[in-house]
$ cat model_2.cif   # mmCIF, C-alpha atoms and all ligand atoms
data_entry
#
loop_
_atom_site.label_atom_id
_atom_site.label_comp_id
_atom_site.auth_asym_id
_atom_site.auth_seq_id
_atom_site.Cartn_x
_atom_site.Cartn_y
_atom_site.Cartn_z
CA MET A 30 15.53 2.79 9.66
CA TYR A 31 11.98 3.60 8.52
CA ILE A 32 10.05 2.20 5.56
CA ASP A 33 7.18 3.79 3.65
CA THR A 34 5.42 0.83 2.04
CA HIS A 35 2.99 2.95 0.02
CA CYS A 36 3.55 6.37 -1.50
CA HIS A 37 3.01 8.13 -4.80
CA LEU A 38 6.34 9.75 -5.39
CA ASP A 39 5.44 10.17 -9.07
CA ASP A 40 2.52 12.46 -8.18
CA GLU A 41 2.74 15.90 -9.78
CA LYS A 42 2.61 17.47 -6.29
CA PHE A 43 6.24 16.35 -5.96
CA SER A 44 7.78 18.79 -8.41
CA ASP A 45 11.34 17.94 -7.33
CA VAL A 46 11.58 14.21 -6.56
CA LYS A 47 15.30 14.35 -5.90
CA GLU A 48 14.78 16.94 -3.18
CA GLU A 49 11.98 14.80 -1.74
CA VAL A 50 14.25 11.75 -1.67
CA ASN A 51 17.00 13.67 0.09
CA LYS A 52 14.48 14.96 2.63
CA TYR A 53 13.19 11.51 3.57
CA LEU A 54 16.68 9.98 3.65
CA ALA A 55 17.70 12.71 6.10
CA ALA A 56 14.66 11.84 8.24
CA GLY A 57 15.83 8.22 8.52
CA VAL A 58 13.50 6.77 5.89
CA ASP A 59 15.70 4.44 3.85
CA THR A 60 13.15 2.50 1.78
CA VAL A 61 9.94 3.51 -0.02
CA ILE A 62 7.55 1.67 -2.33
CA ASN A 63 5.91 3.68 -5.08
CA ALA A 64 2.40 2.29 -5.63
CA GLY A 65 0.98 2.17 -9.13
CA TYR A 66 -2.65 3.13 -9.83
CA ASN A 67 -2.66 2.75 -13.63
CA LEU A 68 -0.20 1.86 -16.38
CA ALA A 69 1.51 5.27 -16.51
CA SER A 70 2.14 5.41 -12.76
CA SER A 71 3.37 1.82 -12.81
CA GLU A 72 5.89 2.80 -15.51
CA ASN A 73 6.82 5.89 -13.48
CA GLY A 74 7.53 3.69 -10.48
CA LYS A 75 9.97 1.65 -12.51
CA LYS A 76 11.76 4.80 -13.72
CA LEU A 77 12.04 6.18 -10.19
CA SER A 78 13.37 2.85 -8.92
CA GLU A 79 16.13 3.00 -11.53
CA LYS A 80 17.08 6.50 -10.48
CA PHE A 81 17.01 6.13 -6.70
CA THR A 82 18.41 3.20 -4.69
CA SER A 83 15.82 3.69 -1.92
CA VAL A 84 12.82 3.42 -4.28
CA TYR A 85 11.01 0.15 -5.04
CA PHE A 86 7.71 -0.05 -6.86
CA ALA A 87 4.39 -1.86 -7.16
CA VAL A 88 2.35 -2.09 -10.36
CA GLY A 89 -1.38 -2.27 -10.82
CA PHE A 90 -4.69 -0.56 -11.51
CA HIS A 91 -6.51 1.25 -8.71
CA PRO A 92 -10.27 0.53 -8.69
CA SER A 93 -10.94 4.07 -9.96
CA ASP A 94 -8.94 3.22 -13.10
CA SER A 95 -10.29 -0.30 -13.56
CA ALA A 96 -12.34 0.68 -16.64
CA TYR A 97 -9.04 1.27 -18.47
CA TYR A 98 -7.64 -2.16 -17.68
CA ASP A 99 -7.35 -4.33 -20.79
CA ASP A 100 -5.28 -7.19 -22.21
CA ILE A 101 -2.55 -4.88 -23.49
CA ALA A 102 -2.19 -3.22 -20.08
CA GLU A 103 -2.18 -6.60 -18.40
CA LYS A 104 0.59 -7.85 -20.65
CA ARG A 105 2.73 -4.85 -19.74
CA LEU A 106 1.98 -5.26 -16.01
CA ILE A 107 3.26 -8.83 -16.23
CA GLU A 108 6.51 -7.59 -17.79
CA LEU A 109 6.90 -4.89 -15.14
CA ALA A 110 6.17 -7.37 -12.36
CA ALA A 111 9.25 -9.35 -13.42
CA GLU A 112 11.54 -6.33 -12.87
CA LYS A 113 14.07 -6.68 -10.08
CA LYS A 114 12.68 -3.82 -7.98
CA CYS A 115 8.98 -4.52 -8.53
CA VAL A 116 7.93 -5.91 -5.16
CA ALA A 117 4.13 -6.16 -5.41
CA ILE A 118 0.95 -5.87 -7.45
CA GLY A 119 -0.93 -2.78 -6.33
CA GLU A 120 -2.74 -0.82 -5.56
CA ILE A 121 -5.74 -2.94 -6.45
CA GLY A 122 -9.13 -3.36 -4.83
CA LEU A 123 -12.55 -1.79 -4.51
CA ASP A 124 -13.66 1.79 -3.95
CA TYR A 125 -17.39 2.33 -3.40
CA HIS A 126 -17.03 5.91 -2.21
CA TRP A 127 -17.24 7.18 -5.77
CA ASP A 128 -19.52 6.04 -8.58
CA TYR A 129 -17.20 3.68 -10.45
CA ASP A 130 -18.92 0.61 -11.90
CA LYS A 131 -18.82 -2.06 -9.20
CA THR A 132 -18.99 -5.02 -11.57
CA ILE A 133 -15.91 -3.83 -13.46
CA GLN A 134 -14.09 -3.06 -10.20
CA LYS A 135 -14.69 -6.58 -8.90
CA GLU A 136 -13.65 -8.21 -12.16
CA ILE A 137 -10.41 -6.23 -12.41
CA PHE A 138 -9.61 -6.74 -8.73
CA GLU A 139 -9.88 -10.51 -9.18
CA ARG A 140 -7.86 -10.47 -12.39
CA GLN A 141 -5.05 -8.65 -10.62
CA LEU A 142 -5.12 -11.01 -7.63
CA TYR A 143 -4.60 -13.79 -10.13
CA LEU A 144 -1.82 -11.78 -11.77
CA ALA A 145 -0.06 -11.45 -8.40
CA TYR A 146 -0.36 -15.19 -7.91
CA LYS A 147 1.10 -15.91 -11.35
CA ALA A 148 3.92 -13.42 -10.79
CA GLY A 149 4.69 -14.86 -7.36
CA LEU A 150 4.25 -11.44 -5.77
CA PRO A 151 2.24 -10.12 -2.83
CA PHE A 152 -0.50 -7.56 -3.44
CA CYS A 153 -1.49 -4.23 -1.97
CA ILE A 154 -5.21 -3.61 -1.45
CA HIS A 155 -7.14 -0.37 -1.50
CA SER A 156 -10.59 -0.93 0.03
CA ARG A 157 -12.88 2.01 0.66
CA GLU A 158 -16.46 1.55 1.88
CA ALA A 159 -16.31 -1.93 0.36
CA THR A 160 -15.29 -4.21 3.24
CA LYS A 161 -17.86 -6.94 2.61
CA ASP A 162 -17.11 -7.36 -1.10
CA THR A 163 -13.36 -7.12 -0.50
CA LEU A 164 -13.54 -9.92 2.06
CA ASP A 165 -15.84 -12.01 -0.17
CA ILE A 166 -13.45 -11.75 -3.10
CA LEU A 167 -10.42 -12.59 -0.96
CA LYS A 168 -12.20 -15.58 0.59
CA SER A 169 -13.36 -16.93 -2.75
CA ASN A 170 -9.80 -16.63 -4.14
CA LYS A 171 -7.97 -18.28 -1.24
CA LYS A 172 -5.81 -20.28 -3.61
CA TYR A 173 -4.59 -17.10 -5.29
CA ILE A 174 -3.76 -15.08 -2.19
CA GLU A 175 -1.20 -17.45 -0.77
CA ARG A 176 1.71 -15.06 -1.48
CA GLY A 177 0.09 -12.70 0.97
CA GLY A 178 -0.76 -9.06 0.81
CA VAL A 179 -1.37 -5.89 2.72
CA MET A 180 -4.42 -3.80 3.50
CA HIS A 181 -3.15 -0.37 2.57
CA CYS A 182 -4.13 2.69 4.63
CA PHE A 183 -6.23 0.62 6.99
CA SER A 184 -9.01 2.73 8.49
CA GLY A 185 -11.56 0.18 9.66
CA SER A 186 -12.52 -1.37 12.96
CA LYS A 187 -10.77 -3.96 15.10
CA GLU A 188 -13.31 -6.56 13.94
CA THR A 189 -12.62 -5.90 10.26
CA CYS A 190 -8.91 -5.95 10.99
CA ALA A 191 -9.29 -9.39 12.62
CA GLU A 192 -10.89 -10.75 9.44
CA TYR A 193 -8.01 -9.57 7.27
CA LEU A 194 -5.48 -10.93 9.75
CA ASP A 195 -7.24 -14.30 9.64
CA LEU A 196 -6.66 -14.32 5.88
CA GLY A 197 -2.95 -13.94 6.56
CA LEU A 198 -2.76 -10.33 5.45
CA TYR A 199 -0.60 -7.54 6.84
CA ILE A 200 -2.15 -4.26 7.97
CA ALA A 201 -0.57 -0.98 6.89
CA PHE A 202 -1.26 2.08 8.98
CA GLY A 203 -0.76 5.61 7.73
CA GLY A 204 -1.56 9.15 8.82
CA VAL A 205 -5.15 8.26 9.76
CA VAL A 206 -4.02 6.39 12.89
CA THR A 207 -2.66 9.68 14.30
CA PHE A 208 -5.94 11.61 13.86
CA LYS A 209 -7.61 12.49 17.17
CA ASN A 210 -11.02 11.14 16.11
CA SER A 211 -9.71 7.86 14.66
CA VAL A 212 -10.52 5.89 17.81
CA ASN A 213 -11.42 2.76 15.80
CA VAL A 214 -8.16 2.74 13.89
CA LYS A 215 -6.08 3.21 17.06
CA GLU A 216 -7.93 0.24 18.54
CA ALA A 217 -7.22 -1.81 15.42
CA ALA A 218 -3.53 -0.90 15.58
CA ALA A 219 -3.32 -1.83 19.26
CA PHE A 220 -5.00 -5.13 18.39
CA THR A 221 -2.80 -6.01 15.39
CA PRO A 222 0.18 -8.21 16.33
CA THR A 223 3.40 -6.24 15.90
CA ASP A 224 4.73 -8.78 13.40
CA ARG A 225 1.83 -8.01 11.04
CA ILE A 226 2.09 -4.21 11.03
CA LEU A 227 3.42 -2.12 8.14
CA THR A 228 3.85 1.65 7.94
CA GLU A 229 3.05 3.95 5.03
CA THR A 230 2.17 7.50 4.08
CA ASP A 231 0.04 7.28 0.90
CA SER A 232 1.74 10.63 0.24
CA PRO A 233 1.02 13.17 -1.14
CA TYR A 234 -2.29 12.38 0.60
CA MET A 235 -3.17 11.74 4.26
CA SER A 236 -0.65 13.78 6.24
CA PRO A 237 -0.40 12.66 9.87
CA GLU A 238 -0.94 14.95 12.86
CA PRO A 239 0.46 17.56 13.41
CA LYS A 240 0.87 18.11 9.67
CA ARG A 241 -2.71 17.24 8.72
CA GLY A 242 -4.04 19.16 5.72
CA ARG A 243 -0.61 19.75 4.19
CA VAL A 244 1.02 17.86 1.29
CA ASN A 245 2.24 14.60 2.75
CA SER A 246 5.72 13.25 2.11
CA PRO A 247 7.44 9.87 2.69
CA GLU A 248 9.54 11.54 5.42
CA ASN A 249 6.37 11.63 7.57
CA VAL A 250 6.32 7.85 7.84
CA ALA A 251 8.70 8.46 10.76
CA ILE A 252 5.85 10.24 12.59
CA VAL A 253 3.46 7.35 11.87
CA CYS A 254 5.96 4.70 12.94
CA ASP A 255 6.91 6.51 16.17
CA TYR A 256 3.23 6.99 16.93
CA LEU A 257 2.59 3.26 16.53
CA SER A 258 5.60 2.36 18.67
CA ALA A 259 4.21 4.53 21.49
CA LEU A 260 0.82 2.85 21.08
CA LYS A 261 2.57 -0.51 21.47
CA ASN A 262 4.78 0.69 24.34
CA ALA A 263 7.77 -0.32 22.25
CA ASP A 264 11.16 1.25 21.74
CA LYS A 265 11.13 3.47 18.61
CA THR A 266 14.18 1.91 17.00
CA ASP A 267 13.23 -1.68 17.81
CA PHE A 268 9.73 -1.10 16.49
CA ALA A 269 10.98 0.45 13.24
CA GLU A 270 13.31 -2.54 12.79
CA GLN A 271 10.47 -4.96 13.35
CA VAL A 272 8.32 -3.16 10.76
CA LYS A 273 11.21 -3.27 8.29
CA ASN A 274 11.54 -7.01 8.87
CA ASN A 275 7.81 -7.46 8.37
CA ALA A 276 8.07 -5.66 5.04
CA LYS A 277 10.97 -7.86 3.94
CA ARG A 278 9.04 -10.99 4.89
CA LEU A 279 6.06 -9.91 2.77
CA PHE A 280 7.82 -8.14 -0.09
CA VAL A 281 10.42 -10.81 -0.74
CA LYS A 282 12.20 -8.80 -3.43
CA LEU A 283 13.03 -5.95 -1.01
CA LYS A 284 16.73 -5.69 -0.23
NI NI B 301 -2.38 5.05 -2.69
#

$ encode --input "model_2.cif" --output "structure tokens"
Amino acid sequence: MYIDTHCHLDDEKFSDVKEEVNKYLAAGVDTVINAGYNLASSENGKKLSEKFTSVYFAVGFHPSDSAYYDDIAEKRLIELAAEKKCVAIGEIGLDYHWDYDKTIQKEIFERQLYLAYKAGLPFCIHSREATKDTLDILKSNKKYIERGGVMHCFSGSKETCAEYLDLGLYIAFGGVVTFKNSVNVKEAAAFTPTDRILTETDSPYMSPEPKRGRVNSPENVAIVCDYLSALKNADKTDFAEQVKNNAKRLFVKLK
């Protein structure tokens, strides 16, 4: 019933992935997408997708790893993108919270947007404290974003959300929307049309209330999704179905 469109199942915090998979299946989560953040995690996503029916994967370099992106890595990403269960390029984007070189981040972000375009896949964007540059890059690459994409772990305002929606993007909400002090994000979620909403965990990070502070798991996407359905005054099951359909519309290789 539920879908986690962004998790890191290959993270070392998940010492027993099989147990984790069984846990989320039991919680009604039938589909997850493992997001890549460098070449190794992209390869790990592929391996997990071969082992578990419920696992799909995305490949790409997170902005924090953009200095390691080179032609050899790119060539391999293109091969991985052609795999049956690779549904997106991601996570890619900009992160200005830390001191990673901004010029390199922007260059690698654009290169991977182009890669998504060439592969005919949507993309998954990580944008932290970099809204203006993220929007500028998306707007100046309009031709290359036509396959669509998702703003992962959206934690901005309603106004920022509106700009991404105008570009045709989907908005993925995770644990942050459940935090008591995330008034902005709740507003953004209420504002986002239901047919443009996706759910995710970003696990092992970002546990939702009431599990905040603990290791997050894909099973908790049920909490996020139910929270959003209440916010939208929608039936839990109907809402989860709608989100699943949204995901299938964007990630065309999802079965
Ligand atoms: Ni992530």

$ closest_atom_pairs --input "model_2.cif" --of "range 108-145 of chain A" --to "range 173-182 of chain A" --cutoff "8 Å" --atoms "all atoms listed in the file" --output "Markdown table"
| residue | atom | partner | partner_atom | distance |
| --- | --- | --- | --- | --- |
| A:Leu142 | CA | A:Tyr173 | CA | 6.5 |
| A:Tyr143 | CA | A:Tyr173 | CA | 5.9 |
| A:Ala145 | CA | A:Tyr173 | CA | 7.9 |

$ closest_residue --input "model_2.cif" --among "A:Tyr97, A:Phe90, A:Phe138, A:Phe280" --to "Asn170 in chain A" --atoms "all atoms listed in the file"
A:Phe138

$ residues_near_ligand --input "model_2.cif" --ligand "ligand NI 301 (chain B)" --cutoff "8 Å" --atoms "all atoms listed in the file" --output "number ranges by chain"
A: 35-37, 64-66, 120, 155, 181-182, 231-232

$ closest_residue --input "model_2.cif" --among "A:Ala148, A:Met30, A:Val84, A:Ile121" --to "Glu49 in chain A" --atoms "only C-alpha atoms"
A:Val84

$ atom_distance --input "model_2.cif" --atom1 "CA of Ala201 in chain A" --atom2 "CA of Pro233 in chain A"
16.3 Å

$ atom_distance --input "model_2.cif" --atom1 "CA of Ile32 in chain A" --atom2 "CA of Lys168 in chain A"
28.9 Å

$ closest_residue --input "model_2.cif" --among "A:Val46, A:Leu109, A:Ile226, A:Ala219" --to "Leu279 in chain A" --atoms "only C-alpha atoms"
A:Ile226

$ residues_around --input "model_2.cif" --residues "range 207-215 of chain A" --least-positions-apart "4" --cutoff "9 Å" --atoms "all atoms listed in the file" --output "ChimeraX atom specification"
/A:183-187,202-203,219-220,237-239,241,252-253,256-257,260

$ closest_atom_pairs --input "model_2.cif" --of "range 197-280 of chain A" --to "range 50-62 of chain A" --cutoff "9 Å" --atoms "all atoms listed in the file" --output "CSV"
residue,atom,partner,partner_atom,distance
A:Glu229,CA,A:Val61,CA,8.6
A:Ser246,CA,A:Tyr53,CA,7.8
A:Pro247,CA,A:Tyr53,CA,6.0
A:Glu248,CA,A:Tyr53,CA,4.1
A:Asn249,CA,A:Tyr53,CA,7.9
A:Val250,CA,A:Val58,CA,7.5
A:Ala251,CA,A:Val58,CA,7.0
A:Lys273,CA,A:Thr60,CA,8.9

$ residues_around --input "model_2.cif" --residues "His126 in chain A" --least-positions-apart "5" --cutoff "10 Å" --atoms "only C-alpha atoms" --output "VMD selection string"
chain A and resid 156 to 159

$ atom_distance --input "model_2.cif" --atom1 "CA of Tyr193 in chain A" --atom2 "CA of Tyr98 in chain A"
26.0 Å

$ residues_around --input "model_2.cif" --residues "Tyr85 in chain A" --least-positions-apart "3" --cutoff "10 Å" --atoms "all atoms listed in the file" --output "list of chain:residue names"
A:Thr34, A:His35, A:Thr60, A:Val61, A:Ile62, A:Asn63, A:Ala64, A:Gly74, A:Lys75, A:Lys76, A:Leu77, A:Ser78, A:Glu79, A:Phe81, A:Thr82, A:Lys113, A:Lys114, A:Cys115, A:Val116, A:Ala117, A:Lys282, A:Leu283, A:Lys284

$ closest_residue --input "model_2.cif" --among "A:Asp124, A:Asp255, A:Glu103, A:Asp40" --to "Val206 in chain A" --atoms "only C-alpha atoms"
A:Asp255

$ axis_aligned_box --input "model_2.cif" --around "range 194-203 of chain A" --padding-each-side "4 Å" --output "JSON"
{"center_x": -3.9, "center_y": -4.4, "center_z": 7.6, "size_x": 14.7, "size_y": 27.9, "size_z": 12.3}

$ closest_residue --input "model_2.cif" --among "A:Asn73, A:Tyr31, A:Phe43, A:Asp165" --to "Asn245 in chain A" --atoms "all atoms listed in the file"
A:Phe43

$ build_atoms --input "model_2.cif" --residues "range 191-205 of chain A" --atoms "N, CA, C and O atoms" --output "PDB file, keeping the file's coordinate frame"
ATOM      1  N   ALA A 191      -9.431  -7.983  12.231  1.00  0.00           N
ATOM      2  CA  ALA A 191      -9.290  -9.390  12.620  1.00  0.00           C
ATOM      3  C   ALA A 191      -9.573 -10.304  11.426  1.00  0.00           C
ATOM      4  O   ALA A 191      -8.904 -11.328  11.237  1.00  0.00           O
ATOM      5  N   GLU A 192     -10.550  -9.915  10.609  1.00  0.00           N
ATOM      6  CA  GLU A 192     -10.890 -10.750   9.440  1.00  0.00           C
ATOM      7  C   GLU A 192      -9.747 -10.776   8.427  1.00  0.00           C
ATOM      8  O   GLU A 192      -9.433 -11.819   7.854  1.00  0.00           O
ATOM      9  N   TYR A 193      -9.144  -9.621   8.205  1.00  0.00           N
ATOM     10  CA  TYR A 193      -8.010  -9.570   7.270  1.00  0.00           C
ATOM     11  C   TYR A 193      -6.817 -10.336   7.826  1.00  0.00           C
ATOM     12  O   TYR A 193      -6.110 -11.027   7.096  1.00  0.00           O
ATOM     13  N   LEU A 194      -6.598 -10.200   9.123  1.00  0.00           N
ATOM     14  CA  LEU A 194      -5.480 -10.930   9.750  1.00  0.00           C
ATOM     15  C   LEU A 194      -5.687 -12.435   9.617  1.00  0.00           C
ATOM     16  O   LEU A 194      -4.740 -13.177   9.345  1.00  0.00           O
ATOM     17  N   ASP A 195      -6.934 -12.870   9.784  1.00  0.00           N
ATOM     18  CA  ASP A 195      -7.240 -14.300   9.640  1.00  0.00           C
ATOM     19  C   ASP A 195      -6.920 -14.821   8.239  1.00  0.00           C
ATOM     20  O   ASP A 195      -6.640 -16.004   8.065  1.00  0.00           O
ATOM     21  N   LEU A 196      -6.995 -13.920   7.262  1.00  0.00           N
ATOM     22  CA  LEU A 196      -6.660 -14.320   5.880  1.00  0.00           C
ATOM     23  C   LEU A 196      -5.159 -14.273   5.631  1.00  0.00           C
ATOM     24  O   LEU A 196      -4.689 -14.496   4.515  1.00  0.00           O
ATOM     25  N   GLY A 197      -4.408 -13.949   6.681  1.00  0.00           N
ATOM     26  CA  GLY A 197      -2.950 -13.940   6.560  1.00  0.00           C
ATOM     27  C   GLY A 197      -2.376 -12.613   6.080  1.00  0.00           C
ATOM     28  O   GLY A 197      -1.191 -12.522   5.776  1.00  0.00           O
ATOM     29  N   LEU A 198      -3.241 -11.597   5.999  1.00  0.00           N
ATOM     30  CA  LEU A 198      -2.760 -10.330   5.450  1.00  0.00           C
ATOM     31  C   LEU A 198      -2.048  -9.467   6.495  1.00  0.00           C
ATOM     32  O   LEU A 198      -2.247  -9.637   7.698  1.00  0.00           O
ATOM     33  N   TYR A 199      -1.231  -8.553   6.005  1.00  0.00           N
ATOM     34  CA  TYR A 199      -0.600  -7.540   6.840  1.00  0.00           C
ATOM     35  C   TYR A 199      -1.490  -6.301   6.836  1.00  0.00           C
ATOM     36  O   TYR A 199      -2.302  -6.118   5.927  1.00  0.00           O
ATOM     37  N   ILE A 200      -1.341  -5.481   7.868  1.00  0.00           N
ATOM     38  CA  ILE A 200      -2.150  -4.260   7.970  1.00  0.00           C
ATOM     39  C   ILE A 200      -1.206  -3.066   7.952  1.00  0.00           C
ATOM     40  O   ILE A 200      -0.319  -2.953   8.800  1.00  0.00           O
ATOM     41  N   ALA A 201      -1.411  -2.186   6.964  1.00  0.00           N
ATOM     42  CA  ALA A 201      -0.570  -0.980   6.890  1.00  0.00           C
ATOM     43  C   ALA A 201      -1.320   0.211   7.449  1.00  0.00           C
ATOM     44  O   ALA A 201      -2.448   0.499   7.044  1.00  0.00           O
ATOM     45  N   PHE A 202      -0.669   0.885   8.390  1.00  0.00           N
ATOM     46  CA  PHE A 202      -1.260   2.080   8.980  1.00  0.00           C
ATOM     47  C   PHE A 202      -0.527   3.313   8.460  1.00  0.00           C
ATOM     48  O   PHE A 202       0.693   3.301   8.292  1.00  0.00           O
ATOM     49  N   GLY A 203      -1.315   4.355   8.209  1.00  0.00           N
ATOM     50  CA  GLY A 203      -0.760   5.610   7.730  1.00  0.00           C
ATOM     51  C   GLY A 203      -1.201   6.757   8.620  1.00  0.00           C
ATOM     52  O   GLY A 203      -1.540   6.547   9.799  1.00  0.00           O
ATOM     53  N   GLY A 204      -1.233   7.944   8.058  1.00  0.00           N
ATOM     54  CA  GLY A 204      -1.560   9.150   8.820  1.00  0.00           C
ATOM     55  C   GLY A 204      -2.848   9.072   9.625  1.00  0.00           C
ATOM     56  O   GLY A 204      -2.957   9.667  10.703  1.00  0.00           O
ATOM     57  N   VAL A 205      -3.825   8.320   9.109  1.00  0.00           N
ATOM     58  CA  VAL A 205      -5.150   8.260   9.760  1.00  0.00           C
ATOM     59  C   VAL A 205      -5.057   7.816  11.228  1.00  0.00           C
ATOM     60  O   VAL A 205      -5.798   8.312  12.074  1.00  0.00           O
TER      61      VAL A 205
END
